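To be precise, the following lines are data07.txt, and they hold compact mmCIF, C-alpha atoms (C1' of nucleotides).
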```txt
# COMPACT_ATOMS: atom_id res chain seq x y z
CA MET M 1 181.30 179.58 169.77
CA ASN M 2 180.26 179.41 173.39
CA ILE M 3 179.80 176.04 175.01
CA ASP M 4 176.80 177.33 176.92
CA THR M 5 175.15 178.47 173.71
CA ILE M 6 175.45 175.01 172.26
CA ASN M 7 173.65 173.46 175.18
CA THR M 8 170.49 175.47 174.99
CA ASP M 9 168.33 176.52 172.08
CA ASN M 10 169.82 176.11 168.72
CA VAL M 11 171.61 172.82 169.02
CA LYS M 12 171.15 171.83 165.43
CA ALA M 13 172.10 175.21 164.05
CA GLN M 14 175.32 175.02 166.04
CA MET M 15 175.81 171.40 165.03
CA ARG M 16 175.60 172.46 161.41
CA LYS M 17 178.53 174.79 161.89
CA GLY M 18 180.37 172.54 164.29
CA ILE M 19 180.66 169.27 162.44
CA LEU M 20 184.39 169.70 162.02
CA GLU M 21 184.79 170.44 165.71
CA TYR M 22 182.66 167.41 166.42
CA CYS M 23 184.90 165.23 164.26
CA ILE M 24 188.00 166.42 166.06
CA LEU M 25 186.50 165.61 169.44
CA LEU M 26 185.50 162.20 168.09
CA ILE M 27 189.03 161.51 166.90
CA LEU M 28 190.54 162.62 170.20
CA ALA M 29 188.05 160.53 172.15
CA ASN M 30 189.73 157.56 170.52
CA ASN M 31 193.38 158.51 170.98
CA ASP M 32 195.45 161.51 171.86
CA ALA M 33 196.78 162.87 168.60
CA TYR M 34 198.87 165.65 167.10
CA ALA M 35 197.69 167.94 164.35
CA THR M 36 199.23 166.18 161.37
CA ALA M 37 197.79 162.85 162.50
CA ILE M 38 194.35 164.43 162.85
CA ILE M 39 194.61 165.87 159.36
CA ASN M 40 195.57 162.47 157.99
CA GLU M 41 192.69 160.77 159.72
CA LEU M 42 190.25 163.32 158.32
CA LYS M 43 191.77 162.95 154.87
CA ALA M 44 191.35 159.18 155.12
CA ALA M 45 187.66 159.88 155.77
CA LYS M 46 187.66 162.13 152.69
CA MET M 47 187.06 165.24 154.78
CA ILE M 48 189.67 167.59 153.47
CA VAL M 49 191.10 169.85 156.14
CA VAL M 50 194.20 172.00 155.86
CA GLU M 51 196.61 173.30 158.45
CA GLY M 52 195.32 176.84 158.28
CA THR M 53 191.95 175.53 159.37
CA LEU M 54 192.97 172.95 161.93
CA TYR M 55 195.58 174.79 164.00
CA PRO M 56 193.40 177.77 164.87
CA LEU M 57 190.54 175.41 165.62
CA LEU M 58 192.62 173.31 168.02
CA THR M 59 193.80 176.49 169.73
CA ARG M 60 190.21 177.67 170.05
CA GLN M 61 189.09 174.39 171.56
CA LYS M 62 192.02 174.44 173.95
CA ASN M 63 191.19 177.99 175.03
CA GLN M 64 187.61 176.88 175.67
CA GLY M 65 188.96 174.22 178.01
CA LEU M 66 187.85 171.35 175.80
CA LEU M 67 191.37 170.14 175.09
CA ASN M 68 194.78 170.01 176.68
CA TYR M 69 198.08 169.16 175.12
CA ARG M 70 201.49 167.79 175.96
CA TRP M 71 204.72 167.90 173.99
CA GLU M 72 206.20 164.66 172.78
CA GLU M 73 209.43 164.08 170.90
CA SER M 74 209.10 162.70 167.41
CA PRO M 75 211.13 159.77 166.04
CA GLN M 76 211.95 162.05 163.12
CA GLY M 77 211.58 165.81 163.06
CA PRO M 78 210.44 168.45 165.51
CA PRO M 79 208.44 167.69 168.65
CA ARG M 80 204.71 167.08 168.40
CA LYS M 81 201.89 168.68 170.31
CA TYR M 82 199.62 165.86 171.40
CA TYR M 83 196.09 167.02 172.13
CA MET M 84 193.76 165.18 174.49
CA LEU M 85 190.17 165.66 175.64
CA THR M 86 189.47 167.26 179.00
CA ASP M 87 186.47 166.32 181.11
CA LYS M 88 184.74 169.37 179.72
CA GLY M 89 185.58 168.18 176.22
CA ARG M 90 184.15 164.74 176.93
CA ALA M 91 181.00 166.29 178.33
CA LEU M 92 180.56 168.39 175.22
CA LEU M 93 181.21 165.39 173.02
CA THR M 94 178.36 163.53 174.72
CA GLU M 95 176.03 166.42 173.98
CA LEU M 96 177.23 166.72 170.41
CA ASP M 97 176.56 163.03 169.90
CA ALA M 98 172.95 163.68 170.83
CA SER M 99 172.77 166.79 168.64
CA TRP M 100 174.23 164.90 165.72
CA ASN M 101 171.67 162.12 166.07
CA GLU M 102 168.90 164.72 166.11
CA LEU M 103 170.27 166.35 162.99
CA VAL M 104 170.38 163.02 161.20
CA LYS M 105 166.77 162.36 162.20
CA THR M 106 165.69 165.81 161.06
CA ILE M 107 167.11 165.27 157.61
CA GLN M 108 165.64 161.79 157.48
CA SER M 109 162.24 163.26 158.18
CA LEU M 110 162.65 165.91 155.49
CA ASN M 111 163.59 163.13 153.09
CA LYS M 112 160.72 160.88 154.13
CA LYS M 113 158.22 163.57 153.24
CA ASN M 114 159.48 163.60 149.69
CA ASN M 115 159.38 159.84 149.34
CA ASN M 116 155.79 159.70 150.54
CA LEU M 117 154.69 162.14 147.89
CA GLN M 118 156.50 160.63 144.95
CA MET W 1 179.93 177.97 146.45
CA ASN W 2 180.36 176.57 142.97
CA ILE W 3 178.30 173.60 141.92
CA ASP W 4 181.26 172.18 140.04
CA THR W 5 183.43 172.37 143.12
CA ILE W 6 180.95 170.35 145.10
CA ASN W 7 181.03 167.53 142.61
CA THR W 8 184.72 166.87 142.73
CA ASP W 9 187.12 166.52 145.59
CA ASN W 10 185.97 167.77 148.90
CA VAL W 11 182.38 166.71 148.93
CA LYS W 12 182.20 166.21 152.66
CA ALA W 13 183.96 169.44 153.48
CA GLN W 14 181.44 171.27 151.31
CA MET W 15 178.61 169.24 152.80
CA ARG W 16 179.69 170.35 156.25
CA LYS W 17 179.20 173.96 155.23
CA GLY W 18 176.20 173.31 153.08
CA ILE W 19 173.80 171.50 155.36
CA LEU W 20 171.47 174.47 155.51
CA GLU W 21 171.46 174.74 151.73
CA TYR W 22 170.81 171.02 151.59
CA CYS W 23 167.84 171.38 153.93
CA ILE W 24 166.34 174.13 151.80
CA LEU W 25 166.62 172.02 148.67
CA LEU W 26 165.02 169.14 150.57
CA ILE W 27 162.11 171.30 151.66
CA LEU W 28 161.60 172.66 148.17
CA ALA W 29 161.77 169.18 146.66
CA ASN W 30 158.62 168.52 148.61
CA ASN W 31 156.66 171.69 147.85
CA ASP W 32 157.23 175.11 146.42
CA ALA W 33 157.44 177.47 149.38
CA TYR W 34 158.02 181.08 150.33
CA ALA W 35 160.62 182.25 152.78
CA THR W 36 158.48 182.51 155.90
CA ALA W 37 157.11 179.02 155.34
CA ILE W 38 160.64 177.65 154.95
CA ILE W 39 161.70 179.33 158.16
CA ASN W 40 158.72 177.82 159.97
CA GLU W 41 159.48 174.37 158.64
CA LEU W 42 163.11 174.65 159.78
CA LYS W 43 161.98 175.93 163.18
CA ALA W 44 159.64 172.97 163.51
CA ALA W 45 162.71 170.79 162.97
CA LYS W 46 164.50 172.79 165.66
CA MET W 47 166.93 174.27 163.17
CA ILE W 48 166.84 177.95 163.97
CA VAL W 49 167.24 180.15 160.93
CA VAL W 50 166.54 183.85 160.73
CA GLU W 51 165.54 186.05 157.84
CA GLY W 52 168.95 187.65 157.54
CA THR W 53 170.35 184.20 156.83
CA LEU W 54 167.63 182.75 154.65
CA TYR W 55 166.90 185.55 152.21
CA PRO W 56 170.49 186.01 151.01
CA LEU W 57 170.83 182.24 150.78
CA LEU W 58 167.73 181.89 148.60
CA THR W 59 169.00 184.69 146.38
CA ARG W 60 172.35 182.97 146.09
CA GLN W 61 170.77 179.66 145.13
CA LYS W 62 168.55 181.43 142.63
CA ASN W 63 171.56 183.16 141.08
CA GLN W 64 173.28 179.80 140.80
CA GLY W 65 170.33 178.55 138.81
CA LEU W 66 169.25 176.09 141.49
CA LEU W 67 165.94 177.81 142.18
CA ASN W 68 163.34 179.92 140.43
CA TYR W 69 160.48 181.84 141.93
CA ARG W 70 157.04 183.15 141.09
CA TRP W 71 154.97 185.78 142.84
CA GLU W 72 151.73 184.72 144.44
CA GLU W 73 149.15 186.82 146.21
CA SER W 74 148.68 186.16 149.87
CA PRO W 75 145.29 185.70 151.56
CA GLN W 76 146.50 188.30 154.05
CA GLY W 77 149.37 190.68 153.56
CA PRO W 78 151.85 191.40 150.78
CA PRO W 79 152.50 188.98 147.92
CA ARG W 80 154.78 186.03 148.47
CA LYS W 81 157.78 184.88 146.52
CA TYR W 82 157.34 181.16 146.01
CA TYR W 83 160.59 179.36 145.30
CA MET W 84 160.81 176.12 143.36
CA LEU W 85 163.64 173.76 142.35
CA THR W 86 165.04 173.91 138.84
CA ASP W 87 166.38 170.85 137.05
CA LYS W 88 169.84 171.97 138.07
CA GLY W 89 168.65 172.21 141.68
CA ARG W 90 167.22 168.71 141.53
CA ALA W 91 170.46 167.39 140.10
CA LEU W 92 172.44 169.00 142.90
CA LEU W 93 170.01 167.65 145.47
CA THR W 94 170.64 164.13 144.22
CA GLU W 95 174.37 164.62 144.65
CA LEU W 96 173.96 166.18 148.07
CA ASP W 97 171.88 163.19 149.15
CA ALA W 98 174.86 161.00 148.34
CA SER W 99 177.29 163.35 150.08
CA TRP W 100 175.10 163.48 153.15
CA ASN W 101 174.98 159.69 153.35
CA GLU W 102 178.76 159.58 153.07
CA LEU W 103 179.12 162.12 155.85
CA VAL W 104 176.81 160.11 158.10
CA LYS W 105 178.87 156.98 157.42
CA THR W 106 182.12 158.82 158.10
CA ILE W 107 180.92 159.93 161.51
CA GLN W 108 179.55 156.48 162.23
CA SER W 109 182.97 155.03 161.54
CA LEU W 110 184.69 157.57 163.80
CA ASN W 111 182.20 156.62 166.50
CA LYS W 112 182.63 152.90 165.97
CA LYS W 113 186.35 153.18 166.61
CA ASN W 114 185.66 154.58 170.04
CA ASN W 115 183.14 151.92 170.91
CA ASN W 116 185.52 149.15 169.94
CA LEU W 117 188.18 150.46 172.22
CA GLN W 118 186.07 151.11 175.29
C1' DA N 1 140.44 208.64 156.03
C1' DT N 2 144.21 207.16 158.73
C1' DA N 3 146.59 204.94 162.27
C1' DA N 4 147.97 200.60 163.95
C1' DT N 5 149.01 195.86 163.22
C1' DA N 6 150.53 191.93 160.70
C1' DT N 7 152.96 189.97 157.08
C1' DA N 8 156.74 189.73 153.83
C1' DC N 9 160.88 190.92 151.56
C1' DT N 10 165.48 193.36 151.65
C1' DT N 11 169.74 195.50 153.21
C1' DT N 12 173.57 196.86 156.27
C1' DG N 13 177.24 196.18 159.49
C1' DT N 14 179.59 193.04 162.49
C1' DT N 15 181.78 188.95 163.48
C1' DA N 16 183.49 184.45 162.78
C1' DT N 17 185.85 181.11 160.19
C1' DG N 18 187.80 178.35 156.37
C1' DC N 19 191.52 178.50 153.44
C1' DA N 20 195.68 179.62 150.56
C1' DA N 21 200.04 180.92 151.19
C1' DG N 22 203.92 181.69 153.54
C1' DA N 23 206.84 181.88 157.81
C1' DT N 24 209.29 179.59 161.45
C1' DA N 25 211.62 175.78 163.59
C1' DC N 26 213.62 171.27 164.49
C1' DT N 27 216.01 166.89 162.80
C1' DA N 28 218.58 163.90 159.90
C1' DA N 29 221.09 162.75 156.03
C1' DA N 30 223.83 163.83 151.91
C1' DT D 1 226.22 173.34 155.25
C1' DT D 2 222.69 172.53 152.52
C1' DT D 3 218.79 169.90 151.33
C1' DA D 4 214.67 167.39 152.52
C1' DG D 5 211.22 166.06 155.64
C1' DT D 6 208.22 166.96 159.40
C1' DA D 7 205.69 170.03 162.29
C1' DT D 8 203.66 174.20 164.20
C1' DC D 9 202.04 178.89 163.64
C1' DT D 10 200.57 183.28 161.29
C1' DT D 11 198.65 186.53 157.90
C1' DG D 12 195.36 188.20 154.67
C1' DC D 13 191.34 187.40 152.03
C1' DA D 14 186.71 185.90 151.01
C1' DT D 15 182.51 184.12 152.41
C1' DA D 16 178.57 183.70 155.20
C1' DA D 17 175.57 183.76 159.45
C1' DC D 18 173.33 186.84 162.19
C1' DA D 19 171.23 190.93 164.56
C1' DA D 20 169.02 194.81 163.57
C1' DA D 21 166.94 198.10 160.96
C1' DG D 22 164.53 199.41 156.73
C1' DT D 23 160.98 199.11 153.01
C1' DA D 24 156.61 197.71 151.31
C1' DT D 25 151.89 195.72 151.15
C1' DA D 26 147.45 194.48 153.12
C1' DT D 27 143.97 194.32 156.77
C1' DT D 28 141.63 195.98 160.72
C1' DA D 29 140.33 199.32 164.16
C1' DT D 30 139.38 204.03 165.22
```

Starting from the coordinates I provided, produce the structure as structure tokens.
Amino acid sequence: MNIDTINTDNVKAQMRKGILEYCILLILANNDAYATAIINELKAAKMIVVEGTLYPLLTRQKNQGLLNYRWEESPQGPPRKYYMLTDKGRALLTELDASWNELVKTIQSLNKKNNNLQ
Amino acid sequence: MNIDTINTDNVKAQMRKGILEYCILLILANNDAYATAIINELKAAKMIVVEGTLYPLLTRQKNQGLLNYRWEESPQGPPRKYYMLTDKGRALLTELDASWNELVKTIQSLNKKNNNLQ
DNA sequence: ATAATATACTTTGTTATGCAAGATACTAAA
DNA sequence: TTTAGTATCTTGCATAACAAAGTATATTAT
């Protein structure tokens, strides 16, 4: 997914597909985090995500320049890759916030129509 | 996507992928409609969808027993396939409404965290 | 008549991506 | 030195969104 594509026409269509990416940016906007912590946070929010999904996604976002990472030693076990938002990532997050709000409104309006007629 | 899968564990994960399906059920809950009309309604809501996406999706939902259709003559042009919700489709729509609300709350809570810390 | 245009449905091939499953690697404790 | 726990990464499969082309029907213009 190209960041420039998101910004133009089909924001909501891209939002539809990008909710997981959006959630990751939201989590990282709060705190730098490593993959397992992100998975746990998503699980706590009842959004099941597995490693085979998350790792490639983080790599993709990093390659797009949305994220960076640093290695940190763990109190127990192998070192952890802590991801953090870049400026570009923060900029995209701001746009995705707007797209998300639009999507919510769109679905509200589709719902409202039904309520009016029932 | 299996209707029984949706109802159990990973509602939000399925919701993420199923927003377009959700929108179609929402539109059809309002009025029976044929494909071109559905596309226009989604375009009006700035959710770009093309024929190559919509037609297979409608067929899928019909095969799952969520939709039925009837043929209707058009004032101009070839006959139209009007889709309508089945009872099963309405039941799923009710569940997806709940899942959607949960997803909105989840993202609100991820957002709230950030606001509290800034 | 018939060619052109508009409308509508369908199919094909490509690409992307979510996931299950397994592989690799580091650390600590038994 | 083997087991258990934590963590990252990879592979192979299935699904699905899309672009693009194809098929079919009806109307209008020539």

Least-squares Cα fit of chain M to chain W, output as an mmCIF file with C-alpha atoms, keeping the file's coordinate frame:
```cif
data_model
loop_
_atom_site.group_PDB
_atom_site.id
_atom_site.type_symbol
_atom_site.label_atom_id
_atom_site.label_comp_id
_atom_site.auth_asym_id
_atom_site.auth_seq_id
_atom_site.Cartn_x
_atom_site.Cartn_y
_atom_site.Cartn_z
ATOM 1 C CA MET M 1 180.086 178.090 146.579
ATOM 2 C CA ASN M 2 180.471 176.717 143.089
ATOM 3 C CA ILE M 3 178.333 173.807 142.016
ATOM 4 C CA ASP M 4 181.245 172.327 140.107
ATOM 5 C CA THR M 5 183.425 172.433 143.200
ATOM 6 C CA ILE M 6 180.884 170.437 145.129
ATOM 7 C CA ASN M 7 180.888 167.669 142.578
ATOM 8 C CA THR M 8 184.554 166.885 142.644
ATOM 9 C CA ASP M 9 187.015 166.527 145.482
ATOM 10 C CA ASN M 10 185.887 167.772 148.776
ATOM 11 C CA VAL M 11 182.291 166.686 148.869
ATOM 12 C CA LYS M 12 182.159 166.193 152.587
ATOM 13 C CA ALA M 13 183.940 169.420 153.393
ATOM 14 C CA GLN M 14 181.388 171.255 151.276
ATOM 15 C CA MET M 15 178.570 169.218 152.784
ATOM 16 C CA ARG M 16 179.697 170.336 156.212
ATOM 17 C CA LYS M 17 179.215 173.947 155.227
ATOM 18 C CA GLY M 18 176.175 173.317 153.089
ATOM 19 C CA ILE M 19 173.799 171.506 155.385
ATOM 20 C CA LEU M 20 171.476 174.482 155.527
ATOM 21 C CA GLU M 21 171.469 174.743 151.751
ATOM 22 C CA TYR M 22 170.816 171.032 151.620
ATOM 23 C CA CYS M 23 167.837 171.393 153.951
ATOM 24 C CA ILE M 24 166.350 174.136 151.823
ATOM 25 C CA LEU M 25 166.629 172.028 148.691
ATOM 26 C CA LEU M 26 165.040 169.142 150.587
ATOM 27 C CA ILE M 27 162.125 171.307 151.667
ATOM 28 C CA LEU M 28 161.614 172.662 148.159
ATOM 29 C CA ALA M 29 161.794 169.174 146.684
ATOM 30 C CA ASN M 30 158.626 168.515 148.641
ATOM 31 C CA ASN M 31 156.666 171.670 147.841
ATOM 32 C CA ASP M 32 157.237 175.088 146.409
ATOM 33 C CA ALA M 33 157.456 177.443 149.351
ATOM 34 C CA TYR M 34 158.015 181.067 150.301
ATOM 35 C CA ALA M 35 160.636 182.238 152.741
ATOM 36 C CA THR M 36 158.503 182.521 155.859
ATOM 37 C CA ALA M 37 157.121 179.022 155.320
ATOM 38 C CA ILE M 38 160.650 177.663 154.932
ATOM 39 C CA ILE M 39 161.701 179.357 158.149
ATOM 40 C CA ASN M 40 158.727 177.855 159.953
ATOM 41 C CA GLU M 41 159.472 174.398 158.660
ATOM 42 C CA LEU M 42 163.083 174.671 159.800
ATOM 43 C CA LYS M 43 161.968 175.979 163.176
ATOM 44 C CA ALA M 44 159.610 173.016 163.513
ATOM 45 C CA ALA M 45 162.682 170.823 162.974
ATOM 46 C CA LYS M 46 164.457 172.841 165.681
ATOM 47 C CA MET M 47 166.926 174.289 163.188
ATOM 48 C CA ILE M 48 166.801 177.950 163.985
ATOM 49 C CA VAL M 49 167.193 180.143 160.933
ATOM 50 C CA VAL M 50 166.512 183.858 160.715
ATOM 51 C CA GLU M 51 165.541 186.079 157.830
ATOM 52 C CA GLY M 52 168.948 187.672 157.543
ATOM 53 C CA THR M 53 170.355 184.236 156.851
ATOM 54 C CA LEU M 54 167.657 182.778 154.650
ATOM 55 C CA TYR M 55 166.955 185.593 152.186
ATOM 56 C CA PRO M 56 170.535 186.019 151.007
ATOM 57 C CA LEU M 57 170.867 182.257 150.778
ATOM 58 C CA LEU M 58 167.762 181.901 148.604
ATOM 59 C CA THR M 59 169.038 184.701 146.376
ATOM 60 C CA ARG M 60 172.396 182.962 146.087
ATOM 61 C CA GLN M 61 170.797 179.667 145.147
ATOM 62 C CA LYS M 62 168.594 181.409 142.615
ATOM 63 C CA ASN M 63 171.599 183.150 141.067
ATOM 64 C CA GLN M 64 173.326 179.772 140.801
ATOM 65 C CA GLY M 65 170.351 178.522 138.811
ATOM 66 C CA LEU M 66 169.274 176.060 141.482
ATOM 67 C CA LEU M 67 165.971 177.786 142.166
ATOM 68 C CA ASN M 68 163.352 179.854 140.424
ATOM 69 C CA TYR M 69 160.512 181.800 141.905
ATOM 70 C CA ARG M 70 157.074 183.112 141.088
ATOM 71 C CA TRP M 71 154.982 185.739 142.835
ATOM 72 C CA GLU M 72 151.740 184.690 144.429
ATOM 73 C CA GLU M 73 149.160 186.822 146.190
ATOM 74 C CA SER M 74 148.656 186.133 149.859
ATOM 75 C CA PRO M 75 145.250 185.709 151.534
ATOM 76 C CA GLN M 76 146.453 188.299 154.031
ATOM 77 C CA GLY M 77 149.353 190.674 153.552
ATOM 78 C CA PRO M 78 151.853 191.363 150.805
ATOM 79 C CA PRO M 79 152.538 188.975 147.930
ATOM 80 C CA ARG M 80 154.779 185.970 148.477
ATOM 81 C CA LYS M 81 157.780 184.834 146.511
ATOM 82 C CA TYR M 82 157.349 181.115 145.982
ATOM 83 C CA TYR M 83 160.623 179.345 145.287
ATOM 84 C CA MET M 84 160.838 176.085 143.362
ATOM 85 C CA LEU M 85 163.651 173.736 142.356
ATOM 86 C CA THR M 86 165.051 173.875 138.840
ATOM 87 C CA ASP M 87 166.388 170.810 137.066
ATOM 88 C CA LYS M 88 169.844 171.929 138.081
ATOM 89 C CA GLY M 89 168.641 172.194 141.667
ATOM 90 C CA ARG M 90 167.203 168.687 141.558
ATOM 91 C CA ALA M 91 170.437 167.358 140.122
ATOM 92 C CA LEU M 92 172.423 168.967 142.904
ATOM 93 C CA LEU M 93 170.003 167.647 145.486
ATOM 94 C CA THR M 94 170.616 164.104 144.245
ATOM 95 C CA GLU M 95 174.344 164.596 144.676
ATOM 96 C CA LEU M 96 173.934 166.165 148.089
ATOM 97 C CA ASP M 97 171.859 163.192 149.179
ATOM 98 C CA ALA M 98 174.821 160.981 148.367
ATOM 99 C CA SER M 99 177.269 163.344 150.076
ATOM 100 C CA TRP M 100 175.097 163.471 153.158
ATOM 101 C CA ASN M 101 174.948 159.685 153.370
ATOM 102 C CA GLU M 102 178.735 159.553 153.099
ATOM 103 C CA LEU M 103 179.106 162.104 155.860
ATOM 104 C CA VAL M 104 176.812 160.115 158.116
ATOM 105 C CA LYS M 105 178.852 156.979 157.430
ATOM 106 C CA THR M 106 182.110 158.796 158.103
ATOM 107 C CA ILE M 107 180.946 159.915 161.510
ATOM 108 C CA GLN M 108 179.563 156.474 162.238
ATOM 109 C CA SER M 109 182.964 155.015 161.519
ATOM 110 C CA LEU M 110 184.703 157.543 163.758
ATOM 111 C CA ASN M 111 182.245 156.609 166.488
ATOM 112 C CA LYS M 112 182.642 152.875 165.957
ATOM 113 C CA LYS M 113 186.361 153.130 166.576
ATOM 114 C CA ASN M 114 185.717 154.550 170.006
ATOM 115 C CA ASN M 115 183.178 151.905 170.916
ATOM 116 C CA ASN M 116 185.554 149.116 169.954
ATOM 117 C CA LEU M 117 188.218 150.433 172.269
ATOM 118 C CA GLN M 118 186.065 151.074 175.295
#
```

Show me, as a short mmCIF file (atom, residue, chain, number, x, y, z; two decimals) with C-alpha atoms, keeping the file's coordinate frame, the residues of chain W whose atoms get within 7 Å of chain D, using all atoms listed in the file for the distance check.
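Dumped everything to selection34.cif:
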```cif
data_model
loop_
_atom_site.label_atom_id
_atom_site.label_comp_id
_atom_site.auth_asym_id
_atom_site.auth_seq_id
_atom_site.Cartn_x
_atom_site.Cartn_y
_atom_site.Cartn_z
CA GLY W 52 168.95 187.65 157.54
CA THR W 53 170.35 184.20 156.83
CA GLN W 76 146.50 188.30 154.05
CA GLY W 77 149.37 190.68 153.56
CA PRO W 78 151.85 191.40 150.78
#
```

Within 7 Å of (194.2, 164.4, 172.6), all atoms listed in the file: residues as a tab-separated table (two decimals) with C-alpha atoms, in the frame of the given file?
```tsv
chain	number	residue	atom	x	y	z
M	28	LEU	CA	190.54	162.62	170.20
M	31	ASN	CA	193.38	158.51	170.98
M	32	ASP	CA	195.45	161.51	171.86
M	33	ALA	CA	196.78	162.87	168.60
M	67	LEU	CA	191.37	170.14	175.09
M	68	ASN	CA	194.78	170.01	176.68
M	69	TYR	CA	198.08	169.16	175.12
M	82	TYR	CA	199.62	165.86	171.40
M	83	TYR	CA	196.09	167.02	172.13
M	84	MET	CA	193.76	165.18	174.49
M	85	LEU	CA	190.17	165.66	175.64
```

Counting all atoms listed in the file, chain W residues within 12 Å of chain N, as a ChimeraX atom specification: /W:13-14,16-17,34-37,51-56,58-59,71-82

Wanna dump the chain M-chain W contacts at 7 Å for me, each residue with its shortest atom pair and the distance in Å to one decimal, counting only C-alpha atoms, ordered by chain and number, as JSON lines?
```
{"residue": "M:Asn10", "atom": "CA", "partner": "W:Ile48", "partner_atom": "CA", "distance": 5.9}
{"residue": "M:Lys12", "atom": "CA", "partner": "W:Met47", "partner_atom": "CA", "distance": 5.4}
{"residue": "M:Ala13", "atom": "CA", "partner": "W:Met47", "partner_atom": "CA", "distance": 5.3}
{"residue": "M:Arg16", "atom": "CA", "partner": "W:Ile19", "partner_atom": "CA", "distance": 6.4}
{"residue": "M:Lys17", "atom": "CA", "partner": "W:Lys17", "partner_atom": "CA", "distance": 6.7}
{"residue": "M:Ile19", "atom": "CA", "partner": "W:Arg16", "partner_atom": "CA", "distance": 6.4}
{"residue": "M:Leu26", "atom": "CA", "partner": "W:Leu110", "partner_atom": "CA", "distance": 6.4}
{"residue": "M:Ile27", "atom": "CA", "partner": "W:Leu110", "partner_atom": "CA", "distance": 6.6}
{"residue": "M:Ala29", "atom": "CA", "partner": "W:Asn114", "partner_atom": "CA", "distance": 6.8}
{"residue": "M:Asn30", "atom": "CA", "partner": "W:Asn114", "partner_atom": "CA", "distance": 5.1}
{"residue": "M:Ala45", "atom": "CA", "partner": "W:Thr106", "partner_atom": "CA", "distance": 6.1}
{"residue": "M:Lys46", "atom": "CA", "partner": "W:Lys12", "partner_atom": "CA", "distance": 6.8}
{"residue": "M:Met47", "atom": "CA", "partner": "W:Ala13", "partner_atom": "CA", "distance": 5.4}
{"residue": "M:Ile48", "atom": "CA", "partner": "W:Asn10", "partner_atom": "CA", "distance": 5.9}
{"residue": "M:Thr106", "atom": "CA", "partner": "W:Ala45", "partner_atom": "CA", "distance": 6.1}
{"residue": "M:Leu110", "atom": "CA", "partner": "W:Leu26", "partner_atom": "CA", "distance": 6.3}
{"residue": "M:Asn111", "atom": "CA", "partner": "W:Leu26", "partner_atom": "CA", "distance": 6.7}
{"residue": "M:Lys113", "atom": "CA", "partner": "W:Asn30", "partner_atom": "CA", "distance": 6.8}
{"residue": "M:Asn114", "atom": "CA", "partner": "W:Asn30", "partner_atom": "CA", "distance": 5.1}
```

Coordinates-based distance that separates atom CA of Ile38 of chain W from atom CA of Glu21 of chain W (Å, one decimal): 11.7 Å

Starting from 3 Å padding per side, set up an axis-aligned box that covers all listed atoms of segment 104-114 of chain M and hand over centre and edge lengths in Å, one decimal, as lines of an AutoDock Vina configuration file.
```
center_x = 164.3
center_y = 163.4
center_z = 155.9
size_x = 18.2
size_y = 11.0
size_z = 18.5
```

Gap from atom CA of Asn63 of chain W to atom CA of Leu92 of chain W - Å, one decimal: 14.3 Å

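Straight-line separation from atom CA of Glu95 of chain W to atom CA of Ala98 of chain M: 26.2 Å.
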